[in-house]
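Printed here is query-v7.txt (compact mmCIF, C-alpha atoms and all ligand atoms):
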```
# COMPACT_ATOMS: atom_id res chain seq x y z
CA MET F 26 12.41 18.36 -15.89
CA ASP F 27 9.52 16.04 -14.98
CA VAL F 28 10.12 13.56 -12.16
CA GLY F 29 7.75 10.83 -11.07
CA ILE F 30 6.74 7.19 -11.15
CA ASP F 31 8.14 5.37 -14.16
CA ARG F 32 7.12 1.82 -13.21
CA LEU F 33 4.61 0.38 -10.71
CA GLY F 34 4.63 -3.22 -9.48
CA PHE F 35 2.30 -5.00 -7.10
CA TYR F 36 2.41 -8.22 -5.15
CA THR F 37 -0.13 -9.84 -2.86
CA PRO F 38 0.03 -13.33 -1.31
CA LYS F 39 -1.53 -16.22 -3.20
CA LYS F 40 -3.94 -17.18 -0.42
CA TYR F 41 -7.03 -15.30 0.73
CA ILE F 42 -10.13 -15.68 2.85
CA ASP F 43 -13.66 -14.75 1.88
CA ILE F 44 -15.04 -11.95 4.04
CA VAL F 45 -18.58 -13.39 4.13
CA GLU F 46 -17.14 -16.64 5.50
CA LEU F 47 -15.19 -14.64 8.09
CA ALA F 48 -18.38 -12.79 9.10
CA ASN F 49 -20.28 -16.08 9.45
CA GLU F 50 -17.50 -17.59 11.59
CA ARG F 51 -17.50 -14.49 13.81
CA GLY F 52 -21.30 -14.40 14.13
CA VAL F 53 -21.48 -10.99 12.41
CA ASP F 54 -24.03 -9.92 9.77
CA PRO F 55 -22.01 -10.25 6.51
CA ASP F 56 -23.42 -6.88 5.34
CA LYS F 57 -21.48 -5.19 8.12
CA PHE F 58 -18.20 -6.48 6.66
CA THR F 59 -19.05 -6.18 2.96
CA ILE F 60 -21.04 -2.91 3.06
CA GLY F 61 -20.33 -1.30 6.46
CA ILE F 62 -16.57 -1.89 6.16
CA GLY F 63 -16.50 -2.51 2.39
CA GLN F 64 -14.30 -5.60 2.06
CA SER F 65 -14.77 -8.81 0.04
CA LYS F 66 -11.53 -10.80 0.34
CA GLN F 67 -8.48 -10.64 2.60
CA ALA F 68 -4.95 -11.66 1.62
CA VAL F 69 -3.28 -14.21 3.90
CA PRO F 70 0.53 -14.32 3.78
CA ASP F 71 2.12 -17.75 3.97
CA ILE F 72 4.43 -18.80 6.79
CA TYR F 73 7.54 -18.28 4.64
CA GLN F 74 6.49 -14.71 3.72
CA ASP F 75 7.16 -11.38 5.36
CA ALA F 76 7.90 -7.75 4.49
CA VAL F 77 11.19 -8.79 2.84
CA THR F 78 9.81 -11.49 0.54
CA MET F 79 6.81 -9.40 -0.52
CA ALA F 80 9.02 -6.34 -1.18
CA ALA F 81 11.26 -8.55 -3.34
CA GLU F 82 8.26 -9.92 -5.27
CA ALA F 83 6.85 -6.45 -6.03
CA ALA F 84 10.24 -4.99 -6.99
CA ASP F 85 11.12 -7.99 -9.14
CA ASN F 86 8.11 -7.07 -11.29
CA VAL F 87 9.54 -3.64 -12.14
CA LEU F 88 13.30 -4.19 -12.29
CA ASP F 89 14.92 -5.17 -15.57
CA ASP F 90 18.36 -5.20 -17.13
CA ASP F 91 17.87 -1.64 -18.40
CA ASN F 92 16.89 0.08 -15.14
CA ARG F 93 18.70 -2.00 -12.49
CA SER F 94 22.12 -0.41 -12.94
CA ASP F 95 20.63 3.13 -12.78
CA ILE F 96 19.18 2.65 -9.29
CA GLY F 97 20.98 4.92 -6.81
CA LEU F 98 18.51 4.88 -3.92
CA VAL F 99 16.44 2.08 -2.38
CA ILE F 100 13.85 2.93 0.25
CA VAL F 101 11.49 0.45 1.87
CA GLY F 102 8.54 1.91 3.76
CA THR F 103 7.24 -0.64 6.24
CA GLU F 104 5.82 -1.06 9.72
CA SER F 105 6.20 -4.85 9.53
CA SER F 106 9.96 -4.93 9.70
CA VAL F 107 11.69 -8.20 10.56
CA ASP F 108 14.67 -6.75 12.41
CA GLU F 109 15.17 -3.82 14.80
CA SER F 110 18.55 -3.06 13.25
CA LYS F 111 18.88 -4.38 9.72
CA ALA F 112 16.68 -2.72 7.14
CA VAL F 113 14.45 -4.71 4.77
CA SER F 114 16.36 -3.00 1.95
CA ALA F 115 19.62 -4.71 2.98
CA PHE F 116 18.10 -8.16 2.42
CA LEU F 117 16.97 -7.01 -1.04
CA MET F 118 20.47 -6.17 -2.24
CA ASP F 119 21.36 -9.72 -3.26
CA LEU F 120 17.82 -11.05 -3.71
CA LEU F 121 17.28 -8.41 -6.43
CA GLU F 122 20.90 -8.21 -7.61
CA LEU F 123 21.01 -4.47 -6.97
CA PRO F 124 24.19 -2.48 -7.62
CA GLU F 125 26.27 -1.78 -4.48
CA ASP F 126 26.63 1.96 -5.06
CA VAL F 127 23.18 2.76 -3.70
CA ARG F 128 21.84 4.25 -0.48
CA ALA F 129 19.51 1.55 0.85
CA PHE F 130 17.43 1.97 4.00
CA GLU F 131 14.04 1.54 5.62
CA ILE F 132 11.52 4.17 6.68
CA LYS F 133 8.85 3.80 9.32
CA GLU F 134 5.87 5.99 10.05
CA ALA F 135 2.89 3.66 9.90
CA CYS F 136 1.06 3.93 6.57
CA TYR F 137 2.87 7.14 5.65
CA GLY F 138 6.30 5.48 5.13
CA ALA F 139 6.09 4.98 1.37
CA THR F 140 4.97 8.56 0.80
CA ALA F 141 7.97 9.80 2.78
CA GLY F 142 10.09 7.53 0.58
CA LEU F 143 8.49 8.79 -2.60
CA GLN F 144 9.10 12.43 -1.69
CA MET F 145 12.75 11.66 -0.85
CA ALA F 146 13.05 9.80 -4.14
CA TYR F 147 11.65 12.85 -5.97
CA ASN F 148 14.35 15.07 -4.44
CA PHE F 149 17.06 12.48 -5.15
CA VAL F 150 16.16 12.23 -8.84
CA ALA F 151 15.77 16.03 -9.15
CA MET F 152 19.37 16.33 -7.87
CA ASN F 153 20.68 13.29 -9.79
CA PRO F 154 18.69 13.19 -13.03
CA ASP F 155 20.59 10.24 -14.48
CA LYS F 156 19.79 8.08 -11.48
CA LYS F 157 16.60 6.26 -10.51
CA ALA F 158 15.13 5.43 -7.11
CA LEU F 159 13.35 2.27 -6.05
CA VAL F 160 10.66 2.89 -3.43
CA ILE F 161 8.85 -0.11 -1.98
CA ALA F 162 5.92 -0.32 0.41
CA SER F 163 5.60 -3.73 2.05
CA ASP F 164 3.42 -4.72 4.99
CA ILE F 165 1.29 -7.30 6.72
CA ALA F 166 -1.68 -5.74 8.54
CA ARG F 167 -2.32 -7.83 11.65
CA TYR F 168 -4.81 -7.03 14.39
CA GLY F 169 -5.52 -10.53 15.69
CA ILE F 170 -8.18 -13.21 15.55
CA LYS F 171 -11.64 -12.02 16.65
CA THR F 172 -10.59 -8.39 17.12
CA PRO F 173 -12.63 -5.49 15.62
CA GLY F 174 -9.70 -4.80 13.30
CA GLU F 175 -9.54 -8.38 11.98
CA VAL F 176 -11.82 -7.59 9.02
CA THR F 177 -9.37 -4.84 7.98
CA GLN F 178 -6.25 -7.04 7.84
CA GLY F 179 -4.40 -7.66 4.56
CA ALA F 180 -0.94 -8.00 3.07
CA GLY F 181 1.09 -7.03 0.06
CA ALA F 182 3.65 -4.74 -1.47
CA VAL F 183 3.89 -2.03 -4.09
CA ALA F 184 7.17 -1.12 -5.82
CA MET F 185 7.76 2.16 -7.65
CA ILE F 186 10.66 3.22 -9.80
CA VAL F 187 11.07 6.98 -9.67
CA SER F 188 12.90 8.65 -12.54
CA LYS F 189 13.07 11.70 -14.77
CA ASN F 190 10.65 11.74 -17.71
CA PRO F 191 8.43 9.13 -16.00
CA HIS F 192 6.04 7.00 -18.02
CA ILE F 193 3.22 6.63 -15.47
CA LEU F 194 2.83 9.58 -13.09
CA LYS F 195 4.41 13.04 -12.95
CA LEU F 196 4.79 14.36 -9.42
CA GLU F 197 4.05 18.08 -9.40
CA ASN F 198 6.13 19.03 -6.33
CA LYS F 199 3.00 20.52 -4.78
CA SER F 200 2.27 19.18 -1.34
CA VAL F 201 1.12 20.02 2.17
CA TYR F 202 1.75 17.87 5.22
CA MET F 203 1.22 17.74 8.96
CA SER F 204 2.34 15.68 11.96
CA ARG F 205 0.75 15.30 15.37
CA ASN F 206 1.35 12.96 18.34
CA VAL F 207 -1.84 10.87 18.33
CA GLY F 208 -2.67 7.53 20.01
CA ASP F 209 -4.96 6.17 17.32
CA PHE F 210 -2.98 3.06 16.34
CA TRP F 211 0.35 1.60 17.44
CA ARG F 212 2.33 -1.63 17.59
CA PRO F 213 4.84 -1.93 20.42
CA THR F 214 8.07 -3.84 19.64
CA PHE F 215 6.92 -6.82 21.78
CA SER F 216 3.73 -7.32 19.78
CA LYS F 217 3.09 -8.96 16.41
CA THR F 218 -0.37 -7.38 16.27
CA ALA F 219 -1.42 -3.74 16.22
CA PHE F 220 -3.44 -1.93 18.86
CA ALA F 221 -6.05 0.48 17.56
CA ARG F 222 -8.59 2.91 18.94
CA GLY F 223 -10.71 2.17 15.89
CA LYS F 224 -13.37 4.88 15.92
CA PHE F 225 -10.90 7.51 17.14
CA SER F 226 -8.53 6.55 14.29
CA ASN F 227 -11.37 7.12 11.81
CA GLU F 228 -11.99 10.58 13.26
CA ILE F 229 -8.31 11.54 13.12
CA TYR F 230 -8.04 10.32 9.53
CA VAL F 231 -10.98 12.51 8.46
CA ASP F 232 -9.67 15.45 10.52
CA PHE F 233 -6.25 15.20 8.81
CA PHE F 234 -7.88 15.07 5.38
CA THR F 235 -10.11 18.08 6.07
CA THR F 236 -7.21 20.12 7.50
CA LEU F 237 -4.81 19.25 4.68
CA TRP F 238 -7.34 19.73 1.90
CA LYS F 239 -8.02 23.27 3.15
CA LYS F 240 -4.26 23.92 3.40
CA PHE F 241 -3.70 22.59 -0.12
CA GLN F 242 -6.44 24.78 -1.59
CA ASP F 243 -5.17 27.88 0.26
CA LYS F 244 -1.52 27.26 -0.65
CA TYR F 245 -2.05 26.59 -4.35
CA GLY F 246 -5.30 28.47 -5.05
CA VAL F 247 -7.06 25.35 -6.37
CA THR F 248 -10.46 23.72 -5.84
CA ALA F 249 -11.91 20.24 -6.39
CA ASP F 250 -12.63 21.31 -9.98
CA ASP F 251 -8.88 21.26 -10.64
CA PHE F 252 -8.78 17.50 -10.03
CA ASP F 253 -10.25 14.59 -11.95
CA THR F 254 -9.63 12.08 -9.21
CA MET F 255 -8.89 11.95 -5.49
CA LEU F 256 -7.02 8.93 -4.17
CA PHE F 257 -6.93 8.03 -0.49
CA HIS F 258 -5.09 5.80 1.92
CA ILE F 259 -7.43 2.80 2.10
CA PRO F 260 -7.27 0.83 5.38
CA TYR F 261 -10.70 -0.49 4.32
CA THR F 262 -12.72 0.74 1.38
CA LYS F 263 -15.32 2.66 3.42
CA MET F 264 -12.62 4.80 5.06
CA GLY F 265 -11.60 6.96 2.10
CA MET F 266 -15.29 7.41 1.31
CA LYS F 267 -15.83 8.90 4.78
CA ALA F 268 -13.21 11.53 3.94
CA LEU F 269 -14.53 12.13 0.42
CA ARG F 270 -18.04 12.57 1.82
CA THR F 271 -16.91 15.69 3.68
CA LEU F 272 -16.93 17.40 0.25
CA ASP F 273 -20.57 16.47 -0.49
CA GLY F 274 -22.63 19.65 -0.75
CA LYS F 275 -19.49 21.82 -0.67
CA ILE F 276 -18.46 21.23 -4.27
CA PRO F 277 -20.62 21.05 -7.43
CA ASP F 278 -22.78 17.90 -7.47
CA ASP F 279 -21.46 16.66 -10.82
CA LYS F 280 -17.85 16.99 -9.61
CA TYR F 281 -18.71 15.12 -6.41
CA SER F 282 -20.39 12.32 -8.41
CA GLU F 283 -17.35 12.08 -10.70
CA LEU F 284 -14.99 11.84 -7.69
CA VAL F 285 -17.14 9.14 -6.07
CA GLU F 286 -17.25 7.16 -9.33
CA HIS F 287 -13.45 7.34 -9.67
CA TYR F 288 -13.01 6.50 -5.99
CA GLN F 289 -14.97 3.25 -6.51
CA LYS F 290 -12.51 2.25 -9.26
CA SER F 291 -9.57 3.06 -6.99
CA VAL F 292 -10.74 0.71 -4.23
CA GLU F 293 -11.54 -2.34 -6.36
CA PHE F 294 -8.22 -4.04 -5.62
CA SER F 295 -8.15 -3.09 -1.93
CA ARG F 296 -11.62 -4.57 -1.51
CA ASN F 297 -10.10 -7.89 -2.60
CA VAL F 298 -6.81 -7.69 -0.71
CA GLY F 299 -7.31 -5.68 2.49
CA ASN F 300 -5.09 -3.13 4.15
CA LEU F 301 -1.55 -2.98 2.77
CA TYR F 302 -0.71 -0.30 5.37
CA THR F 303 1.88 1.89 3.65
CA GLY F 304 1.17 0.41 0.22
CA SER F 305 -2.58 1.03 0.38
CA LEU F 306 -2.63 4.47 -1.23
CA TYR F 307 -0.43 3.13 -4.03
CA LEU F 308 -2.59 0.06 -4.54
CA GLY F 309 -5.42 2.58 -4.92
CA LEU F 310 -3.41 4.34 -7.61
CA ILE F 311 -2.78 1.03 -9.41
CA SER F 312 -6.44 0.04 -9.10
CA TYR F 313 -7.56 3.35 -10.58
CA LEU F 314 -5.05 3.18 -13.44
CA VAL F 315 -6.08 -0.40 -14.24
CA ASN F 316 -9.85 -0.22 -13.69
CA GLY F 317 -10.74 3.44 -14.29
CA GLU F 318 -11.53 5.25 -17.50
CA VAL F 319 -8.50 7.49 -17.17
CA LYS F 320 -8.39 10.58 -19.39
CA PRO F 321 -5.10 11.71 -20.94
CA ASP F 322 -3.10 13.92 -18.52
CA GLU F 323 -5.56 13.44 -15.66
CA LYS F 324 -4.91 15.44 -12.52
CA LEU F 325 -4.82 13.49 -9.29
CA MET F 326 -4.89 14.48 -5.65
CA LEU F 327 -3.38 11.88 -3.31
CA PHE F 328 -4.06 11.76 0.44
CA SER F 329 -1.55 9.79 2.46
CA TYR F 330 -2.22 9.04 6.13
CA GLY F 331 -0.12 7.16 8.65
CA SER F 332 -1.35 6.68 12.19
CA GLY F 333 0.57 8.21 14.98
CA ALA F 334 0.20 10.47 12.89
CA VAL F 335 1.48 12.04 9.68
CA GLY F 336 -0.65 13.11 6.74
CA GLU F 337 0.17 14.58 3.36
CA ILE F 338 -1.77 15.72 0.33
CA TYR F 339 0.08 16.07 -2.95
CA SER F 340 -0.85 16.37 -6.59
CA ALA F 341 0.25 14.47 -9.67
CA GLU F 342 -0.54 14.09 -13.34
CA VAL F 343 -1.10 10.83 -15.19
CA VAL F 344 1.21 10.45 -18.19
CA SER F 345 -0.64 9.75 -21.45
CA GLY F 346 0.15 6.28 -22.76
CA TYR F 347 0.96 4.94 -19.26
CA GLU F 348 -0.90 1.73 -20.16
CA LYS F 349 2.16 0.46 -22.03
CA TYR F 350 4.22 0.65 -18.84
CA LEU F 351 1.78 -0.88 -16.36
CA ASP F 352 1.20 -4.60 -16.71
CA SER F 353 -2.55 -4.55 -16.04
CA ASP F 354 -3.18 -8.08 -17.34
CA PHE F 355 -0.49 -9.53 -15.09
CA ILE F 356 -1.91 -7.75 -12.02
CA LYS F 357 -5.45 -8.91 -12.81
CA GLN F 358 -4.26 -12.49 -13.35
CA GLU F 359 -2.30 -12.48 -10.08
CA LEU F 360 -5.44 -11.42 -8.22
CA LYS F 361 -7.62 -13.91 -10.07
CA ASN F 362 -5.32 -16.91 -9.68
CA ARG F 363 -5.25 -16.87 -5.88
CA GLN F 364 -6.43 -19.74 -3.72
CA LYS F 365 -9.30 -19.33 -1.27
CA ILE F 366 -8.59 -20.94 2.08
CA SER F 367 -10.96 -21.60 4.97
CA VAL F 368 -11.15 -19.37 8.02
CA SER F 369 -9.71 -22.19 10.15
CA ASP F 370 -6.74 -22.58 7.77
CA TYR F 371 -6.15 -18.82 8.02
CA GLU F 372 -6.28 -19.02 11.84
CA ASN F 373 -3.76 -21.84 11.73
CA ILE F 374 -1.34 -19.88 9.50
CA PHE F 375 -1.87 -16.73 11.58
CA SER F 376 -0.70 -18.42 14.78
CA LYS F 377 2.37 -20.02 13.18
CA GLY F 378 5.78 -18.65 12.21
CA LEU F 379 9.30 -19.86 11.69
CA VAL F 380 11.43 -19.84 14.84
CA ASN F 381 15.17 -20.15 15.34
CA GLY F 382 16.45 -23.41 13.82
CA ASP F 383 13.49 -23.84 11.43
CA THR F 384 13.84 -24.22 7.68
CA THR F 385 11.25 -23.97 4.90
CA ALA F 386 10.77 -26.97 2.63
CA LEU F 387 10.99 -25.86 -0.99
CA SER F 388 7.93 -28.01 -1.77
CA ASP F 389 5.84 -25.67 0.47
CA VAL F 390 6.86 -22.55 -1.47
CA HIS F 391 4.49 -21.16 -4.12
CA ASP F 392 6.31 -17.87 -4.75
CA LYS F 393 9.64 -16.66 -6.06
CA PHE F 394 11.14 -15.34 -2.81
CA TYR F 395 10.95 -17.01 0.58
CA LEU F 396 12.31 -17.07 4.09
CA SER F 397 14.39 -20.23 3.83
CA GLU F 398 15.78 -20.53 7.35
CA ILE F 399 16.30 -18.87 10.71
CA LYS F 400 19.80 -19.75 11.88
CA GLU F 401 21.48 -18.22 14.94
CA SER F 402 18.42 -15.95 15.00
CA GLU F 403 19.38 -14.60 11.58
CA ARG F 404 16.75 -14.62 8.86
CA LEU F 405 18.03 -16.09 5.58
CA TYR F 406 16.16 -15.62 2.32
CA LYS F 407 16.29 -17.35 -1.02
CA LYS F 408 14.95 -16.99 -4.53
CA VAL F 409 13.46 -20.06 -6.22
CA ASN F 410 15.52 -20.73 -9.34
P1 LIG Z 501 -16.48 -1.81 14.50
O1 LIG Z 501 -16.71 -1.20 15.84
O2 LIG Z 501 -16.48 -3.29 14.43
O3 LIG Z 501 -17.55 -1.37 13.45
O4 LIG Z 501 -15.10 -1.26 13.95
P2 LIG Z 501 -18.71 -0.28 13.54
O5 LIG Z 501 -19.71 -0.67 14.56
O6 LIG Z 501 -18.11 1.10 13.61
O7 LIG Z 501 -19.36 -0.52 12.10
C1 LIG Z 501 -18.65 -0.26 10.96
C2 LIG Z 501 -19.61 0.23 9.90
O8 LIG Z 501 -20.47 -0.84 9.54
C3 LIG Z 501 -20.53 1.36 10.38
O9 LIG Z 501 -20.69 2.24 9.29
C4 LIG Z 501 -21.83 0.64 10.67
O10 LIG Z 501 -22.97 1.47 10.58
C5 LIG Z 501 -21.82 -0.40 9.57
P3 LIG Z 501 -20.16 3.75 9.40
O11 LIG Z 501 -20.90 4.40 10.51
O12 LIG Z 501 -18.68 3.65 9.72
O13 LIG Z 501 -20.41 4.33 8.05
N1 LIG Z 501 -22.69 -1.56 9.85
C6 LIG Z 501 -23.43 -2.16 8.90
N2 LIG Z 501 -23.63 -1.90 7.60
C7 LIG Z 501 -24.46 -2.74 6.89
N3 LIG Z 501 -25.11 -3.77 7.47
C8 LIG Z 501 -24.95 -4.07 8.77
C9 LIG Z 501 -24.09 -3.24 9.55
N4 LIG Z 501 -23.70 -3.24 10.85
C10 LIG Z 501 -22.85 -2.21 11.01
N5 LIG Z 501 -25.60 -5.10 9.31
C11 LIG Z 501 -13.35 -0.33 12.69
C12 LIG Z 501 -14.79 -0.81 12.66
C13 LIG Z 501 -12.96 0.19 11.31
C14 LIG Z 501 -13.20 0.79 13.71
C15 LIG Z 501 -12.43 -1.54 13.08
O14 LIG Z 501 -12.47 -2.49 12.05
C16 LIG Z 501 -11.00 -1.16 13.34
O15 LIG Z 501 -10.63 -0.82 14.45
N6 LIG Z 501 -10.11 -1.22 12.28
C17 LIG Z 501 -8.69 -0.90 12.42
C18 LIG Z 501 -8.41 0.59 12.49
C19 LIG Z 501 -8.61 1.28 11.15
O16 LIG Z 501 -8.60 0.69 10.10
N7 LIG Z 501 -8.70 2.64 11.19
C20 LIG Z 501 -8.82 3.43 9.99
C21 LIG Z 501 -8.29 4.84 10.16
S1 LIG Z 501 -6.61 4.85 10.76
C22 LIG Z 501 -5.65 4.42 9.36
O17 LIG Z 501 -6.13 4.45 8.28
C23 LIG Z 501 -4.24 3.98 9.60
C24 LIG Z 501 -4.02 2.48 9.54
O18 LIG Z 501 -4.00 2.05 8.19
C25 LIG Z 501 -2.71 2.12 10.24
C26 LIG Z 501 -1.42 2.78 9.80
O19 LIG Z 501 -1.35 3.98 9.53
O20 LIG Z 501 -0.43 2.07 9.85
C27 LIG Z 501 -5.11 1.70 10.24
```
Using the file provided, produce a representation of the structure as structure tokens.
Amino acid sequence: MDVGIDRLGFYTPKKYIDIVELANERGVDPDKFTIGIGQSKQAVPDIYQDAVTMAAEAADNVLDDDNRSDIGLVIVGTESSVDESKAVSAFLMDLLELPEDVRAFEIKEACYGATAGLQMAYNFVAMNPDKKALVIASDIARYGIKTPGEVTQGAGAVAMIVSKNPHILKLENKSVYMSRNVGDFWRPTFSKTAFARGKFSNEIYVDFFTTLWKKFQDKYGVTADDFDTMLFHIPYTKMGMKALRTLDGKIPDDKYSELVEHYQKSVEFSRNVGNLYTGSLYLGLISYLVNGEVKPDEKLMLFSYGSGAVGEIYSAEVVSGYEKYLDSDFIKQELKNRQKISVSDYENIFSKGLVNGDTTALSDVHDKFYLSEIKESERLYKKVN
């Protein structure tokens, strides 16, 4: 029985900043940000948005009356959680009208969370073939104003429905993984912004990829020739390229060129959104499926990396005819119809947030789901009717 991703939904906030404007404001050569880092636009979440509202938006795009009642597992991968106790998934139960007989919880391990969720979902569906799993990655990447990481911020969510006989991606149950205690990136509970040893984090990322790629080849007796495309966690679009470059000269030139060409298609959306943390790899998948010239039954290698650190490489196969099940036009329109805001407006939003006793005026809301109130320190959410 094939198990994999049956539906894929994406959400990113409606506001963004232009990276050239950010560079100019920061007194940096714009080429550093657009070429050296590889970003063009950065999503800016509104004050009424957080990991819960964005998760709800992405999942709302894939749930329908046919699949909702089959969901038996809900996992949210996030490192932007809003509560130390209550999982993001609990808030989603009524927002998304999910059935009560589900296991719903949150997973955290930096940008690896959604991959952990996806692998658990695979096992769940393999054991319960008539059930489906909803896996959501939802995050706001925040480093802080005028920090080196600022150019790599971003926000958004990806929702995946995992089922038997999937219509988008078959997971092949072939994977290798590794974990190591590394201080490359962390966010203590007192802080709203992450701390990063930037260059060290780049080195660890590449080291994990190199180690895992060798393990994968040894374990399954495959080479780069067995894959049409390699997808990477994309904290910024240059990062995956640094890992891919380690193959240059070690694999046939035409295969390397093909992988680079496909990689460029996979980062088109990230270039215009920024880091989604745990959703980034899956935004890369969406970007490739929407923008690439995907052959029937293409073989993919996916590299997931979460600081701290956990890495995993696994393989998958694109299902022919997936186009009917992925709303490419909607995703493109959502990205196109966003509003550019100035760097000072972004700085203003960045420093604000609802506090206890605050409510959100409906007239300020431009999305379906929003944080409506914080009452007795409890976050209350609503859906616009
Ligand atoms: P930085 O020190 O500002 O930049 O930090 P730099 O000096 O290293 O320059 C960046 C690149 O721009 C370099 O290219 C320069 O040569 C180039 P590279 O050597 O890397 O190929 N450059 C220029 N290019 C064209 N024209 C110019 C020019 N000037 C310079 N004029 C850094 C960059 C990414 C470190 C910083 O933004 C940062 O700390 N970001 C956050 C950490 C991060 O994203 N790490 C990635 C790996 S860890 C990961 O992926 C996990 C993560 O997603 C978190 C999680 O798991 O939850 C982050």
6 Å shell around ligand LIG 501 (chain Z) using only C-alpha atoms and all ligand atoms, listed as a ChimeraX atom specification: /F:54,56-57,60-62,135-136,173-174,176-177,221,223-224,226-227,230,260,302,331-332
Atomic distance CA of Val335 (chain F) - CA of Thr140 (chain F), expressed in Å with one decimal: 10.2 Å
Nearest residue to Lys290 (chain F) from the set F:Met264, F:Met255, F:Ile276, F:Val53 (distances using all atoms listed in the file): F:Met255
Best match for closeness to Leu360 (chain F) among F:Ala386, F:Leu314, F:Val292, F:Val298, counting all atoms listed in the file: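 Using all atoms listed in the file, the shortest distance to Leu360 (chain F) belongs to F:Val298.
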Selected residue of minimal separation from Gly102 (chain F) among F:Gly382, F:Gly304, F:Gly181, F:Gly317, counting all atoms listed in the file: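 Going through F:Gly382, F:Gly304, F:Gly181, F:Gly317 one by one, the smallest distance to Gly102 (chain F) is for F:Gly304.
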Atomic distance CA of Lys39 (chain F) - CA of Gln67 (chain F), expressed in Å with one decimal: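 One can read the CA of Lys39 (chain F) to CA of Gln67 (chain F) distance as 10.6 Å.
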Which of F:Glu283, F:Asp91, F:Asp354, F:Asp164 sits closest to Asn316 (chain F) [using all atoms listed in the file]: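 When distances to Asn316 (chain F) are compared using all atoms listed in the file, the smallest one comes from F:Asp354.
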Residues within 7 Å of Tyr350 (chain F), only C-alpha atoms, excluding chain neighbours under 6 positions, as a ChimeraX atom specification: /F:32,192-193
